[in-house]
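With compact mmCIF, C-alpha atoms inside, this is model_20.txt:
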# COMPACT_ATOMS: atom_id res chain seq x y z
CA MET A 1 -69.66 -43.15 92.24
CA ARG A 2 -72.25 -43.67 94.96
CA THR A 3 -73.53 -47.00 93.68
CA ALA A 4 -72.25 -49.01 96.66
CA MET A 5 -74.12 -46.80 99.15
CA GLY A 6 -77.28 -48.88 98.64
CA VAL A 7 -75.69 -52.08 99.95
CA TRP A 8 -76.76 -51.29 103.51
CA ARG A 9 -80.36 -51.64 102.40
CA TRP A 10 -79.94 -55.43 102.37
CA ARG A 11 -79.81 -55.46 106.18
CA ARG A 12 -82.95 -56.71 107.87
CA ASN A 13 -84.68 -54.03 109.91
CA PRO A 14 -88.30 -53.01 110.52
CA LEU A 15 -87.89 -49.78 108.55
CA ARG A 16 -86.69 -51.44 105.36
CA ARG A 17 -89.14 -50.98 102.52
CA PRO A 18 -89.45 -53.27 99.47
CA THR A 19 -88.15 -50.45 97.29
CA ASP A 20 -85.01 -50.28 99.46
CA LEU A 21 -84.16 -53.86 98.56
CA VAL A 22 -84.83 -53.17 94.87
CA GLU A 23 -82.56 -50.14 95.01
CA ALA A 24 -79.80 -52.22 96.63
CA TRP A 25 -79.98 -54.83 93.88
CA VAL A 26 -79.97 -52.14 91.20
CA ALA A 27 -76.88 -50.60 92.80
CA CYS A 28 -75.15 -54.00 92.88
CA ILE A 29 -75.95 -54.72 89.24
CA ALA A 30 -74.74 -51.26 88.20
CA LEU A 31 -71.51 -51.77 90.13
CA VAL A 32 -70.89 -55.11 88.41
CA CYS A 33 -71.52 -53.48 85.03
CA VAL A 34 -69.05 -50.69 85.77
CA LEU A 35 -66.32 -52.96 87.14
CA LEU A 36 -66.70 -56.01 84.89
CA VAL A 37 -69.05 -55.53 81.94
CA ALA A 38 -67.79 -52.10 80.83
CA PRO A 39 -64.10 -53.18 80.69
CA ALA A 40 -65.11 -56.34 78.81
CA VAL A 41 -67.08 -54.29 76.28
CA GLY A 42 -64.15 -51.90 75.88
CA TRP A 43 -61.71 -54.79 75.41
CA ALA A 44 -63.91 -56.46 72.79
CA ALA A 45 -64.49 -53.19 70.94
CA GLY A 46 -60.78 -52.38 70.99
CA LEU A 47 -59.87 -55.80 69.57
CA GLN A 48 -62.50 -55.48 66.86
CA VAL A 49 -61.38 -51.99 65.81
CA ASP A 50 -57.71 -52.99 66.00
CA GLY A 51 -58.33 -55.94 63.69
CA ILE A 52 -60.10 -53.74 61.15
CA LEU A 53 -57.45 -51.02 61.24
CA GLN A 54 -54.55 -53.46 61.08
CA ARG A 55 -56.06 -55.12 58.01
CA ALA A 56 -56.57 -51.70 56.42
CA ALA A 57 -52.97 -50.73 57.22
CA ALA A 58 -51.67 -53.97 55.70
CA GLU A 59 -53.70 -53.42 52.54
CA GLN A 60 -52.45 -49.85 52.26
CA ARG A 61 -48.83 -50.96 52.64
CA GLN A 62 -49.34 -53.43 49.79
CA GLU A 63 -51.11 -50.95 47.51
CA ARG A 64 -49.07 -47.78 48.13
CA TYR A 65 -45.48 -47.16 47.09
CA LEU A 66 -42.86 -44.59 48.04
CA VAL A 67 -41.38 -43.44 44.72
CA PRO A 68 -38.73 -40.80 43.96
CA ALA A 69 -39.81 -37.51 42.41
CA VAL A 70 -37.96 -34.53 40.94
CA VAL A 71 -38.92 -30.87 41.28
CA VAL A 72 -39.69 -29.39 37.87
CA ARG A 73 -40.76 -25.85 38.74
CA PRO A 74 -42.83 -23.94 41.29
CA ALA A 75 -46.56 -24.21 40.75
CA VAL A 76 -48.44 -21.15 39.57
CA ALA A 77 -49.78 -19.42 42.68
CA ALA A 78 -53.43 -18.46 42.78
CA ALA A 79 -54.14 -14.76 42.68
CA ALA A 80 -54.53 -13.27 46.14
CA PRO A 81 -57.96 -11.76 46.88
CA ALA A 82 -58.15 -8.01 46.83
CA ASP A 83 -58.69 -6.05 50.04
CA GLY A 84 -62.30 -5.82 51.05
CA GLY A 85 -63.15 -9.19 49.49
CA GLY A 86 -65.01 -10.24 52.62
CA GLU A 87 -62.38 -12.65 54.01
CA PRO A 88 -61.04 -12.12 57.54
CA SER A 89 -57.63 -10.49 57.77
CA ALA A 90 -56.24 -13.56 59.60
CA GLN A 91 -57.08 -15.73 56.60
CA ARG A 92 -55.57 -13.26 54.13
CA THR A 93 -52.29 -13.09 56.04
CA ALA A 94 -52.02 -16.85 56.78
CA PRO A 95 -49.11 -18.38 54.84
CA ALA A 96 -50.19 -20.82 52.15
CA ARG A 97 -48.44 -24.17 51.80
CA THR A 98 -45.97 -24.23 48.91
CA THR A 99 -47.01 -26.29 45.90
CA ILE A 100 -44.62 -27.43 43.21
CA VAL A 101 -44.78 -29.24 39.89
CA ALA A 102 -42.88 -32.52 40.08
CA SER A 103 -42.31 -35.51 37.85
CA TRP A 104 -42.10 -39.15 38.92
CA THR A 105 -42.19 -42.66 37.54
CA ALA A 106 -44.94 -44.96 38.76
CA PRO A 107 -44.27 -48.54 39.87
CA ASP A 108 -45.86 -49.74 36.63
CA GLY A 109 -43.24 -47.76 34.63
CA THR A 110 -45.43 -44.87 33.46
CA SER A 111 -44.22 -41.27 33.79
CA HIS A 112 -46.27 -38.62 35.55
CA GLU A 113 -46.09 -34.91 36.22
CA GLY A 114 -48.31 -32.86 38.48
CA ALA A 115 -48.66 -30.46 41.37
CA VAL A 116 -47.68 -31.81 44.79
CA PRO A 117 -47.19 -30.19 48.21
CA ALA A 118 -43.59 -29.19 48.80
CA ALA A 119 -41.48 -29.93 51.85
CA GLU A 120 -40.84 -27.31 54.52
CA GLU A 121 -37.63 -26.11 52.87
CA PRO A 122 -38.10 -24.01 49.71
CA PRO A 123 -37.62 -26.50 46.85
CA ARG A 124 -35.51 -25.77 43.79
CA PRO A 125 -35.77 -27.29 40.30
CA GLY A 126 -33.87 -30.57 40.21
CA ASP A 127 -34.30 -31.34 43.91
CA ARG A 128 -35.28 -34.92 44.63
CA PHE A 129 -37.78 -36.14 47.21
CA ARG A 130 -40.17 -39.05 47.63
CA ILE A 131 -43.95 -39.24 47.40
CA TRP A 132 -46.58 -41.91 48.00
CA THR A 133 -48.44 -43.23 44.94
CA ASP A 134 -50.48 -46.23 43.93
CA ILE A 135 -49.40 -48.78 41.33
CA ARG A 136 -50.50 -46.45 38.52
CA GLY A 137 -48.69 -43.40 39.88
CA ARG A 138 -51.66 -41.55 41.33
CA LEU A 139 -50.89 -39.57 44.47
CA VAL A 140 -52.15 -41.16 47.69
CA GLY A 141 -51.69 -40.56 51.39
CA GLN A 142 -49.13 -42.25 53.57
CA PRO A 143 -50.17 -45.76 54.68
CA LEU A 144 -51.61 -46.10 58.14
CA ASP A 145 -48.93 -46.95 60.67
CA PRO A 146 -49.58 -50.11 62.75
CA GLY A 147 -48.75 -48.22 65.93
CA ALA A 148 -51.21 -45.48 65.06
CA ALA A 149 -53.83 -48.13 64.29
CA SER A 150 -53.30 -49.70 67.73
CA PHE A 151 -53.57 -46.28 69.37
CA HIS A 152 -56.87 -45.51 67.62
CA ALA A 153 -58.17 -48.96 68.56
CA ALA A 154 -57.23 -48.37 72.22
CA MET A 155 -59.04 -45.02 72.17
CA ALA A 156 -62.10 -46.69 70.64
CA GLY A 157 -62.05 -49.39 73.33
CA LEU A 158 -61.71 -46.79 76.08
CA ALA A 159 -64.61 -44.80 74.65
CA ALA A 160 -66.76 -47.96 74.51
CA ALA A 161 -65.92 -48.83 78.13
CA LEU A 162 -66.70 -45.31 79.36
CA THR A 163 -69.94 -45.25 77.39
CA SER A 164 -71.02 -48.58 78.87
CA ALA A 165 -70.21 -47.43 82.40
CA ALA A 166 -72.06 -44.16 81.87
CA LEU A 167 -75.07 -46.05 80.50
CA ALA A 168 -75.15 -48.34 83.54
CA GLU A 169 -74.98 -45.39 85.92
CA THR A 170 -77.64 -43.51 83.98
CA LEU A 171 -80.02 -46.48 84.14
CA ARG A 172 -79.35 -46.83 87.86
CA ARG A 173 -80.21 -43.19 88.44
CA LEU A 174 -83.40 -43.49 86.40
CA VAL A 175 -84.53 -46.53 88.39
CA VAL A 176 -83.72 -44.83 91.70
CA ARG A 177 -85.61 -41.72 90.62
CA ARG A 178 -88.61 -43.87 89.76
CA LEU A 179 -88.43 -45.60 93.13
CA MET A 180 -88.21 -42.27 94.93
CA HIS A 181 -91.25 -41.07 93.02
CA ARG A 182 -93.22 -44.12 94.16
CA ARG A 183 -92.12 -43.58 97.76
CA TYR A 184 -93.33 -39.98 97.70
CA LEU A 185 -96.66 -41.08 96.25
CA ARG A 186 -97.14 -43.65 99.02
CA LEU A 187 -96.14 -41.09 101.62
CA ASP A 188 -98.65 -38.60 100.25
CA ARG A 189 -101.41 -41.20 100.32
CA ALA A 190 -100.53 -42.24 103.88
CA TRP A 191 -100.44 -38.63 105.03
CA ALA A 192 -103.75 -37.89 103.33
CA ALA A 193 -105.31 -40.81 105.21
CA ALA A 194 -103.82 -39.91 108.61
CA GLY A 195 -103.82 -36.15 108.29
CA PRO A 196 -107.44 -35.41 109.32
CA ASP A 197 -107.01 -37.39 112.58
CA TRP A 198 -103.53 -36.07 113.41
CA GLY A 199 -103.40 -34.83 116.99
CA ARG A 200 -107.07 -35.45 117.80
CA ALA A 201 -107.84 -37.06 121.16
CA GLY A 202 -108.96 -40.67 120.90
CA ALA A 203 -107.80 -40.94 117.28
CA GLY A 204 -105.01 -43.32 118.20
CA SER A 205 -102.30 -40.78 117.47
As structure tokens, the full file:
Amino acid sequence: MRTAMGVWRWRRNPLRRPTDLVEAWVACIALVCVLLVAPAVGWAAGLQVDGILQRAAAEQRQERYLVPAVVVRPAVAAAAPADGGGEPSAQRTAPARTTIVASWTAPDGTSHEGAVPAAEEPPRPGDRFRIWTDIRGRLVGQPLDPGAASFHAAMAGLAAALTSAALAETLRRLVVRRLMHRRYLRLDRAWAAAGPDWGRAGAGS
């Protein structure tokens, strides 16, 4: 980042323009935002997201249960589409995940039976495995792991810090571009005023 290159504009010299000093201050402010403000924003955002995700993970661990299930039979496979049905060949040849019919007892004591995804190994009737359900026995996903929640919070904090730093640099560039535009306008006006007399004898050039 070239933000610190404007610091030299603070030095007193006859060629320093007012816009040079403004550009130096803008560069300093942008540098402070990148080094201090952006990390602080990322840290605050990470803590906020981590708190939300950790609470969600705790609630999921309280509301979801790992219960034993028994394989009843393979689920009825859907009929494969005929050739020329308009689907790409890669999709037609992709292996489908095995689905089985299983039975399980919910934490509230009710019995359930339904189709669930099978494990990697081909299941056989009578095989036992475990699934995640709610208190009433409805299938749910695995609870969010606290470590995974912390990882997602860290990624959110990093994204917030990078976004803040990018915003500071973008604003700096916009201000510098505006200052450059004003300098060119003043230069054009000065040249228009001095141009007709340039090089003429007795014109003070």
- Pairwise distance for atom CA of A:Thr19 and atom CA of A:Ala192, rounded to one decimal in Å: 20.9 Å
- In Å to one decimal, how far is atom CA of A:Tyr184 from atom CA of A:Ala168?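 Separation between atom CA of A:Ala168 and atom CA of A:Tyr184: 24.5 Å.
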- Item | Within 10 Å of file point (-80.0, -53.8, 90.9), counting only C-alpha atoms, expressed as a ChimeraX atom specification | /A:3,6,21-32,171-172,175-176
- Just the residues within 6 Å of stretch 127-140 of chain A, please, counting all atoms listed in the file, with nothing from its chain fewer than 6 positions along; format it as a PyMOL selection string. chain A and resi 63-71+106-108
- Go through A:Leu187, A:Ala40, A:Val101, A:Met180 one by one, measure the shortest atom-to-atom distance of each to A:Ala115 using all atoms listed in the file, and give the residue with the smallest value.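 Of A:Leu187, A:Ala40, A:Val101, A:Met180, the one nearest A:Ala115, counting all atoms listed in the file, is A:Val101.
The space between atom CA of A:Leu174 and atom CA of A:Ala161 spans 20.1 Å.
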- Task: Would you please work out which residue, of A:Gln60, A:Cys33, A:Trp191, A:Ala159, is nearest to A:Gly141 when using all atoms listed in the file?
- Result: A:Gln60
- Item | Contact residues around stretch 35-38 of chain A with all atoms listed in the file at 8 Å, ignoring same-chain residues under 5 positions, as a ChimeraX atom specification | /A:160-165
- Item | Residue nearest A:His112 among A:Phe151, A:Arg178, A:Gly126, A:Val72 (counting all atoms listed in the file) | A:Val72
